[in-house]
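Chemist: For reference, the file final-v1.cif (mmCIF, N, CA and C atoms) is included below:
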data_final
loop_
_atom_site.label_atom_id
_atom_site.label_comp_id
_atom_site.auth_asym_id
_atom_site.auth_seq_id
_atom_site.Cartn_x
_atom_site.Cartn_y
_atom_site.Cartn_z
N MET A 1 50.33 14.48 -53.59
CA MET A 1 50.01 13.15 -53.21
C MET A 1 49.32 13.10 -51.85
N GLU A 2 49.82 13.95 -50.96
CA GLU A 2 49.23 13.99 -49.62
C GLU A 2 47.78 14.44 -49.67
N THR A 3 47.47 15.39 -50.54
CA THR A 3 46.10 15.84 -50.66
C THR A 3 45.22 14.75 -51.26
N GLU A 4 45.77 13.99 -52.18
CA GLU A 4 44.99 12.88 -52.74
C GLU A 4 44.71 11.84 -51.66
N ASN A 5 45.69 11.60 -50.82
CA ASN A 5 45.55 10.63 -49.74
C ASN A 5 44.47 11.09 -48.76
N ASN A 6 44.52 12.37 -48.37
CA ASN A 6 43.52 12.92 -47.45
C ASN A 6 42.13 12.90 -48.09
N HIS A 7 42.11 13.21 -49.39
CA HIS A 7 40.83 13.21 -50.09
C HIS A 7 40.26 11.80 -50.17
N SER A 8 41.07 10.80 -50.43
CA SER A 8 40.58 9.43 -50.53
C SER A 8 40.17 8.90 -49.15
N GLU A 9 40.89 9.31 -48.09
CA GLU A 9 40.50 8.92 -46.73
C GLU A 9 39.18 9.54 -46.37
N SER A 10 38.99 10.79 -46.75
CA SER A 10 37.75 11.49 -46.47
C SER A 10 36.58 10.81 -47.19
N GLN A 11 36.80 10.43 -48.44
CA GLN A 11 35.75 9.74 -49.20
C GLN A 11 35.46 8.37 -48.58
N ALA A 12 36.47 7.67 -48.14
CA ALA A 12 36.30 6.35 -47.53
C ALA A 12 35.53 6.49 -46.22
N ASN A 13 35.86 7.54 -45.46
CA ASN A 13 35.19 7.78 -44.20
C ASN A 13 33.71 8.11 -44.42
N GLN A 14 33.44 8.95 -45.41
CA GLN A 14 32.05 9.30 -45.73
C GLN A 14 31.29 8.07 -46.23
N SER A 15 31.96 7.29 -47.02
CA SER A 15 31.34 6.08 -47.56
C SER A 15 31.02 5.10 -46.43
N SER A 16 31.93 4.99 -45.47
CA SER A 16 31.73 4.10 -44.33
C SER A 16 30.54 4.57 -43.49
N GLN A 17 30.47 5.86 -43.26
CA GLN A 17 29.35 6.42 -42.49
C GLN A 17 28.03 6.22 -43.22
N ALA A 18 28.04 6.36 -44.51
CA ALA A 18 26.83 6.17 -45.30
C ALA A 18 26.38 4.72 -45.25
N ASN A 19 27.34 3.79 -45.29
CA ASN A 19 26.99 2.36 -45.21
C ASN A 19 26.38 2.03 -43.84
N GLU A 20 26.95 2.60 -42.78
CA GLU A 20 26.42 2.36 -41.44
C GLU A 20 24.99 2.90 -41.32
N ALA A 21 24.77 4.08 -41.84
CA ALA A 21 23.44 4.67 -41.80
C ALA A 21 22.46 3.82 -42.59
N LYS A 22 22.92 3.30 -43.74
CA LYS A 22 22.06 2.44 -44.56
C LYS A 22 21.70 1.16 -43.81
N GLN A 23 22.69 0.59 -43.12
CA GLN A 23 22.44 -0.64 -42.38
C GLN A 23 21.44 -0.39 -41.25
N GLN A 24 21.58 0.75 -40.57
CA GLN A 24 20.66 1.05 -39.48
C GLN A 24 19.25 1.24 -40.02
N ARG A 25 19.12 1.90 -41.15
CA ARG A 25 17.80 2.08 -41.75
C ARG A 25 17.25 0.76 -42.24
N ALA A 26 18.11 -0.12 -42.70
CA ALA A 26 17.66 -1.42 -43.19
C ALA A 26 17.07 -2.24 -42.06
N HIS A 27 17.58 -2.04 -40.85
CA HIS A 27 17.03 -2.77 -39.71
C HIS A 27 15.58 -2.36 -39.45
N PHE A 28 15.28 -1.12 -39.69
CA PHE A 28 13.95 -0.61 -39.42
C PHE A 28 13.38 0.03 -40.68
N ASP A 29 13.00 -0.80 -41.62
CA ASP A 29 12.48 -0.28 -42.88
C ASP A 29 11.13 0.39 -42.70
N SER A 30 10.42 0.00 -41.67
CA SER A 30 9.13 0.64 -41.46
C SER A 30 8.96 0.97 -39.98
N CYS A 31 8.03 1.82 -39.72
CA CYS A 31 7.76 2.24 -38.34
C CYS A 31 7.26 1.07 -37.51
N SER A 32 6.46 0.21 -38.11
CA SER A 32 5.92 -0.93 -37.36
C SER A 32 7.02 -1.90 -36.96
N GLU A 33 8.04 -2.06 -37.84
CA GLU A 33 9.15 -2.94 -37.48
C GLU A 33 9.96 -2.34 -36.34
N ALA A 34 10.14 -1.04 -36.37
CA ALA A 34 10.86 -0.37 -35.29
C ALA A 34 10.09 -0.49 -33.98
N PHE A 35 8.78 -0.34 -34.05
CA PHE A 35 7.95 -0.47 -32.86
C PHE A 35 8.02 -1.89 -32.30
N LYS A 36 7.94 -2.88 -33.18
CA LYS A 36 8.01 -4.29 -32.76
C LYS A 36 9.36 -4.59 -32.12
N ALA A 37 10.43 -4.07 -32.72
CA ALA A 37 11.75 -4.29 -32.15
C ALA A 37 11.87 -3.66 -30.77
N GLY A 38 11.30 -2.47 -30.59
CA GLY A 38 11.31 -1.81 -29.29
C GLY A 38 10.52 -2.60 -28.25
N CYS A 39 9.38 -3.12 -28.66
CA CYS A 39 8.55 -3.94 -27.75
C CYS A 39 9.30 -5.20 -27.32
N ASP A 40 9.93 -5.84 -28.29
CA ASP A 40 10.68 -7.06 -27.99
C ASP A 40 11.82 -6.79 -27.02
N ALA A 41 12.56 -5.71 -27.27
CA ALA A 41 13.68 -5.36 -26.39
C ALA A 41 13.19 -5.03 -24.99
N ALA A 42 12.08 -4.29 -24.88
CA ALA A 42 11.53 -3.94 -23.57
C ALA A 42 11.04 -5.18 -22.84
N SER A 43 10.41 -6.10 -23.55
CA SER A 43 9.93 -7.34 -22.92
C SER A 43 11.09 -8.16 -22.39
N GLU A 44 12.15 -8.22 -23.17
CA GLU A 44 13.32 -8.99 -22.74
C GLU A 44 13.93 -8.39 -21.48
N LYS A 45 14.06 -7.08 -21.47
CA LYS A 45 14.62 -6.40 -20.29
C LYS A 45 13.73 -6.58 -19.07
N ALA A 46 12.42 -6.54 -19.28
CA ALA A 46 11.48 -6.73 -18.17
C ALA A 46 11.58 -8.14 -17.61
N ARG A 47 11.71 -9.13 -18.49
CA ARG A 47 11.86 -10.52 -18.03
C ARG A 47 13.15 -10.69 -17.22
N GLU A 48 14.19 -9.98 -17.61
CA GLU A 48 15.45 -10.05 -16.87
C GLU A 48 15.34 -9.35 -15.52
N ALA A 49 14.61 -8.27 -15.45
CA ALA A 49 14.52 -7.47 -14.23
C ALA A 49 13.50 -8.01 -13.24
N ALA A 50 12.49 -8.73 -13.70
CA ALA A 50 11.38 -9.17 -12.83
C ALA A 50 11.85 -9.97 -11.62
N PRO A 51 12.70 -10.99 -11.77
CA PRO A 51 13.12 -11.73 -10.57
C PRO A 51 13.83 -10.86 -9.54
N LYS A 52 14.63 -9.92 -10.01
CA LYS A 52 15.34 -9.04 -9.07
C LYS A 52 14.35 -8.15 -8.33
N ILE A 53 13.36 -7.63 -9.03
CA ILE A 53 12.36 -6.77 -8.40
C ILE A 53 11.51 -7.56 -7.42
N LYS A 54 11.11 -8.78 -7.82
CA LYS A 54 10.32 -9.63 -6.91
C LYS A 54 11.09 -9.92 -5.64
N SER A 55 12.36 -10.24 -5.79
CA SER A 55 13.19 -10.55 -4.63
C SER A 55 13.31 -9.35 -3.70
N ALA A 56 13.55 -8.19 -4.26
CA ALA A 56 13.67 -6.97 -3.45
C ALA A 56 12.35 -6.65 -2.75
N LEU A 57 11.23 -6.80 -3.45
CA LEU A 57 9.92 -6.52 -2.87
C LEU A 57 9.61 -7.50 -1.74
N THR A 58 9.91 -8.78 -1.96
CA THR A 58 9.68 -9.79 -0.94
C THR A 58 10.50 -9.50 0.31
N GLU A 59 11.74 -9.12 0.12
CA GLU A 59 12.60 -8.80 1.25
C GLU A 59 12.09 -7.58 2.01
N ALA A 60 11.62 -6.57 1.28
CA ALA A 60 11.09 -5.37 1.93
C ALA A 60 9.83 -5.68 2.74
N ILE A 61 8.94 -6.51 2.20
CA ILE A 61 7.72 -6.88 2.93
C ILE A 61 8.07 -7.68 4.17
N ASN A 62 9.01 -8.60 4.05
CA ASN A 62 9.44 -9.40 5.19
C ASN A 62 10.02 -8.50 6.28
N ASP A 63 10.88 -7.56 5.91
CA ASP A 63 11.46 -6.65 6.90
C ASP A 63 10.40 -5.80 7.58
N PHE A 64 9.43 -5.32 6.79
CA PHE A 64 8.35 -4.51 7.36
C PHE A 64 7.54 -5.32 8.37
N ALA A 65 7.16 -6.54 8.00
CA ALA A 65 6.35 -7.38 8.89
C ALA A 65 7.11 -7.70 10.18
N TYR A 66 8.38 -8.03 10.04
CA TYR A 66 9.19 -8.33 11.21
C TYR A 66 9.27 -7.13 12.15
N ASN A 67 9.59 -5.97 11.60
CA ASN A 67 9.74 -4.77 12.42
C ASN A 67 8.42 -4.33 13.06
N ALA A 68 7.31 -4.48 12.34
CA ALA A 68 6.01 -4.12 12.91
C ALA A 68 5.68 -5.04 14.09
N ALA A 69 5.88 -6.35 13.91
CA ALA A 69 5.59 -7.30 14.99
C ALA A 69 6.52 -7.06 16.18
N TYR A 70 7.78 -6.86 15.90
CA TYR A 70 8.75 -6.62 16.97
C TYR A 70 8.37 -5.37 17.75
N GLY A 71 8.04 -4.30 17.03
CA GLY A 71 7.69 -3.05 17.69
C GLY A 71 6.46 -3.18 18.56
N ALA A 72 5.45 -3.87 18.06
CA ALA A 72 4.21 -4.02 18.82
C ALA A 72 4.44 -4.85 20.08
N VAL A 73 5.14 -5.96 19.93
CA VAL A 73 5.37 -6.84 21.09
C VAL A 73 6.29 -6.16 22.09
N PHE A 74 7.31 -5.50 21.61
CA PHE A 74 8.23 -4.81 22.52
C PHE A 74 7.52 -3.73 23.31
N ALA A 75 6.69 -2.93 22.63
CA ALA A 75 5.97 -1.86 23.33
C ALA A 75 5.02 -2.44 24.39
N GLY A 76 4.32 -3.51 24.04
CA GLY A 76 3.43 -4.13 25.02
C GLY A 76 4.18 -4.72 26.19
N ALA A 77 5.27 -5.41 25.92
CA ALA A 77 6.06 -6.01 27.00
C ALA A 77 6.68 -4.93 27.87
N PHE A 78 7.15 -3.87 27.25
CA PHE A 78 7.74 -2.76 28.00
C PHE A 78 6.71 -2.13 28.91
N ALA A 79 5.52 -1.86 28.38
CA ALA A 79 4.47 -1.24 29.18
C ALA A 79 4.05 -2.16 30.33
N LYS A 80 3.98 -3.46 30.05
CA LYS A 80 3.57 -4.42 31.07
C LYS A 80 4.59 -4.49 32.20
N GLU A 81 5.86 -4.44 31.87
CA GLU A 81 6.91 -4.56 32.88
C GLU A 81 7.09 -3.29 33.71
N PHE A 82 6.93 -2.14 33.08
CA PHE A 82 7.27 -0.91 33.77
C PHE A 82 6.08 -0.10 34.27
N ALA A 83 4.86 -0.51 33.91
CA ALA A 83 3.69 0.21 34.43
C ALA A 83 3.45 -0.22 35.87
N PRO A 84 3.19 0.74 36.75
CA PRO A 84 2.90 0.39 38.15
C PRO A 84 1.62 -0.46 38.24
N GLN A 85 1.53 -1.25 39.27
CA GLN A 85 0.40 -2.16 39.43
C GLN A 85 -0.92 -1.40 39.52
N ASN A 86 -0.94 -0.23 40.15
CA ASN A 86 -2.20 0.51 40.26
C ASN A 86 -2.68 0.99 38.89
N VAL A 87 -1.75 1.28 37.97
CA VAL A 87 -2.14 1.68 36.62
C VAL A 87 -2.73 0.47 35.88
N LYS A 88 -2.09 -0.69 36.06
CA LYS A 88 -2.62 -1.92 35.44
C LYS A 88 -4.02 -2.24 35.96
N ASP A 89 -4.20 -2.10 37.28
CA ASP A 89 -5.51 -2.38 37.88
C ASP A 89 -6.56 -1.40 37.36
N ALA A 90 -6.19 -0.13 37.24
CA ALA A 90 -7.12 0.88 36.73
C ALA A 90 -7.51 0.57 35.28
N MET A 91 -6.55 0.13 34.47
CA MET A 91 -6.84 -0.25 33.08
C MET A 91 -7.81 -1.43 33.04
N ASP A 92 -7.58 -2.41 33.91
CA ASP A 92 -8.48 -3.58 33.96
C ASP A 92 -9.89 -3.17 34.37
N ARG A 93 -10.01 -2.35 35.41
CA ARG A 93 -11.33 -1.91 35.86
C ARG A 93 -12.02 -1.07 34.79
N GLY A 94 -11.28 -0.16 34.19
CA GLY A 94 -11.86 0.70 33.15
C GLY A 94 -12.35 -0.10 31.95
N SER A 95 -11.58 -1.07 31.52
CA SER A 95 -12.02 -1.86 30.37
C SER A 95 -13.22 -2.72 30.74
N ALA A 96 -13.27 -3.24 31.96
CA ALA A 96 -14.43 -4.04 32.39
C ALA A 96 -15.67 -3.17 32.47
N GLN A 97 -15.54 -1.97 33.04
CA GLN A 97 -16.68 -1.07 33.13
C GLN A 97 -17.14 -0.62 31.74
N GLY A 98 -16.20 -0.37 30.85
CA GLY A 98 -16.55 0.01 29.48
C GLY A 98 -17.29 -1.11 28.78
N PHE A 99 -16.86 -2.34 28.99
CA PHE A 99 -17.55 -3.49 28.40
C PHE A 99 -18.97 -3.58 28.93
N THR A 100 -19.14 -3.44 30.24
CA THR A 100 -20.46 -3.53 30.85
C THR A 100 -21.37 -2.40 30.35
N ALA A 101 -20.85 -1.18 30.30
CA ALA A 101 -21.64 -0.04 29.84
C ALA A 101 -22.04 -0.21 28.37
N GLY A 102 -21.12 -0.68 27.56
CA GLY A 102 -21.43 -0.90 26.14
C GLY A 102 -22.47 -1.96 25.95
N LYS A 103 -22.35 -3.04 26.71
CA LYS A 103 -23.33 -4.12 26.62
C LYS A 103 -24.71 -3.63 27.06
N SER A 104 -24.76 -2.85 28.13
CA SER A 104 -26.02 -2.31 28.64
C SER A 104 -26.64 -1.34 27.62
N ALA A 105 -25.82 -0.47 27.02
CA ALA A 105 -26.32 0.48 26.03
C ALA A 105 -26.87 -0.26 24.81
N ALA A 106 -26.17 -1.31 24.39
CA ALA A 106 -26.64 -2.08 23.24
C ALA A 106 -27.97 -2.75 23.55
N GLU A 107 -28.11 -3.29 24.74
CA GLU A 107 -29.38 -3.93 25.14
C GLU A 107 -30.50 -2.91 25.21
N ASN A 108 -30.20 -1.73 25.75
CA ASN A 108 -31.18 -0.65 25.84
C ASN A 108 -31.64 -0.24 24.44
N MET A 109 -30.69 -0.07 23.52
CA MET A 109 -31.04 0.31 22.15
C MET A 109 -31.85 -0.79 21.46
N ARG A 110 -31.50 -2.04 21.74
CA ARG A 110 -32.24 -3.16 21.16
C ARG A 110 -33.70 -3.14 21.63
N GLU A 111 -33.91 -2.89 22.93
CA GLU A 111 -35.27 -2.82 23.47
C GLU A 111 -36.04 -1.66 22.84
N ARG A 112 -35.41 -0.53 22.67
CA ARG A 112 -36.07 0.63 22.06
C ARG A 112 -36.43 0.35 20.61
N ALA A 113 -35.54 -0.33 19.92
CA ALA A 113 -35.82 -0.66 18.51
C ALA A 113 -36.99 -1.62 18.42
N LYS A 114 -37.05 -2.58 19.33
CA LYS A 114 -38.18 -3.52 19.34
C LYS A 114 -39.48 -2.78 19.61
N ALA A 115 -39.44 -1.88 20.60
CA ALA A 115 -40.65 -1.13 20.95
C ALA A 115 -41.09 -0.24 19.79
N ALA A 116 -40.13 0.36 19.09
CA ALA A 116 -40.47 1.25 17.98
C ALA A 116 -41.04 0.48 16.79
N THR A 117 -40.58 -0.73 16.58
CA THR A 117 -41.06 -1.50 15.43
C THR A 117 -42.29 -2.34 15.75
N SER A 118 -42.59 -2.49 17.04
CA SER A 118 -43.76 -3.30 17.38
C SER A 118 -45.05 -2.50 17.32
N GLY A 119 -44.96 -1.19 17.10
CA GLY A 119 -46.17 -0.38 16.96
C GLY A 119 -46.60 0.27 18.25
N SER A 120 -45.86 0.11 19.33
CA SER A 120 -46.27 0.71 20.58
C SER A 120 -45.81 2.16 20.70
N GLY A 121 -45.15 2.67 19.65
CA GLY A 121 -44.75 4.07 19.66
C GLY A 121 -43.32 4.23 20.10
N PRO A 122 -42.78 5.42 19.88
CA PRO A 122 -41.38 5.66 20.23
C PRO A 122 -41.17 5.70 21.74
N VAL A 123 -40.07 5.14 22.16
CA VAL A 123 -39.73 5.15 23.57
C VAL A 123 -38.46 5.97 23.74
N ASP A 124 -38.56 7.05 24.51
CA ASP A 124 -37.41 7.92 24.77
C ASP A 124 -36.66 8.30 23.49
N SER A 125 -37.38 8.65 22.45
CA SER A 125 -36.71 9.02 21.21
C SER A 125 -36.63 10.54 21.11
N PRO A 126 -35.65 11.04 20.39
CA PRO A 126 -35.51 12.49 20.25
C PRO A 126 -36.70 13.13 19.54
N GLU A 127 -37.50 12.36 18.80
CA GLU A 127 -38.64 12.95 18.09
C GLU A 127 -39.69 13.50 19.06
N ASN A 128 -39.83 12.87 20.24
CA ASN A 128 -40.84 13.36 21.17
C ASN A 128 -40.24 14.32 22.21
N GLY A 129 -39.00 14.76 21.96
CA GLY A 129 -38.40 15.77 22.81
C GLY A 129 -37.69 15.24 24.03
N GLU A 130 -37.74 13.95 24.28
CA GLU A 130 -37.06 13.40 25.45
C GLU A 130 -35.67 12.91 25.05
N PRO A 131 -34.66 13.22 25.83
CA PRO A 131 -33.31 12.77 25.50
C PRO A 131 -33.14 11.26 25.76
N ILE A 132 -32.27 10.66 25.01
CA ILE A 132 -31.93 9.27 25.24
C ILE A 132 -30.81 9.24 26.26
N GLU A 133 -31.02 8.53 27.35
CA GLU A 133 -30.00 8.45 28.39
C GLU A 133 -29.20 7.19 28.22
N LEU A 134 -27.89 7.37 28.22
CA LEU A 134 -26.98 6.23 28.16
C LEU A 134 -26.41 5.99 29.52
N PRO A 135 -26.09 4.76 29.85
CA PRO A 135 -25.53 4.49 31.18
C PRO A 135 -24.19 5.18 31.36
N MET A 136 -23.96 5.65 32.58
CA MET A 136 -22.72 6.35 32.90
C MET A 136 -21.66 5.34 33.32
N MET A 137 -20.43 5.63 32.97
CA MET A 137 -19.33 4.76 33.39
C MET A 137 -18.96 5.07 34.83
N GLY A 138 -18.55 4.05 35.55
CA GLY A 138 -17.99 4.29 36.85
C GLY A 138 -18.91 4.05 37.95
#
Translate the structure of the given file into C-alpha cells.
Modeler:
Amino acid sequence: METENNHSESQANQSSQANEAKQQRAHFDSCSEAFKAGCDAASEKAREAAPKIKSALTEAINDFAYNAAYGAVFAGAFAKEFAPQNVKDAMDRGSAQGFTAGKSAAENMRERAKAATSGSGPVDSPENGEPIELPMMG
C-alpha cells in the first residue's frame, strides 16, 4: 500500500509539473508574443524607474554646480585676502600691460592686412624674409 501511495504521489507530482509547464507555454505560444510581453514588462519597469533616476540626476547636477561655484568663489576670496598687496599690484600692472600689448598687436596686424589687401605689397611679412615684430611687454 505504501508503494502505491508513493507511486500515486509521484504521478500527481509529475502531472502537476506538466500542467505548470503547459501553462507557461500557453502564455507564450509564439516567439512574437514572448517578445511583446518582454517589451511590455521592460517598458513598465522603465516608467517606474524614470522618476527615481531623474531625481537622482537632478540632485547630482545641483550638488556639482553648488560645489563648483563654492570652490571658485572660495579660491578667489582666499587669494584676495591672503595675497600681499605688492603681488596684487603686480597682477594689475601685468594684466594692464598685456591688454595694451594685445591691443597694439591687433592694430598692427590689422594695418598689415589692409596694406596686403590694398595692393601695395606685403609689409613686414615672412615671405620677403623680414620678421614680424610684436610689441614687447613691460
Chemist: Expressed in Å to a single decimal, how great is the separation between atom N of Asp92 in chain A and atom N of Ala106 in chain A?
Modeler: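 That distance, rounded to one decimal, is 20.9 Å.
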Chemist: One number please: atom C of Asn86 in chain A to atom C of Ser104 in chain A, in Å, one decimal.
Modeler: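 Interatomic distance, atom C of Asn86 in chain A to atom C of Ser104 in chain A: 26.6 Å.
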Chemist: Give me, please, the distance in Å between atom C of Ser118 in chain A and atom C of Phe99 in chain A, quoted to one decimal.
Modeler: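 Separating atom C of Ser118 in chain A from atom C of Phe99 in chain A is a distance of 28.6 Å.
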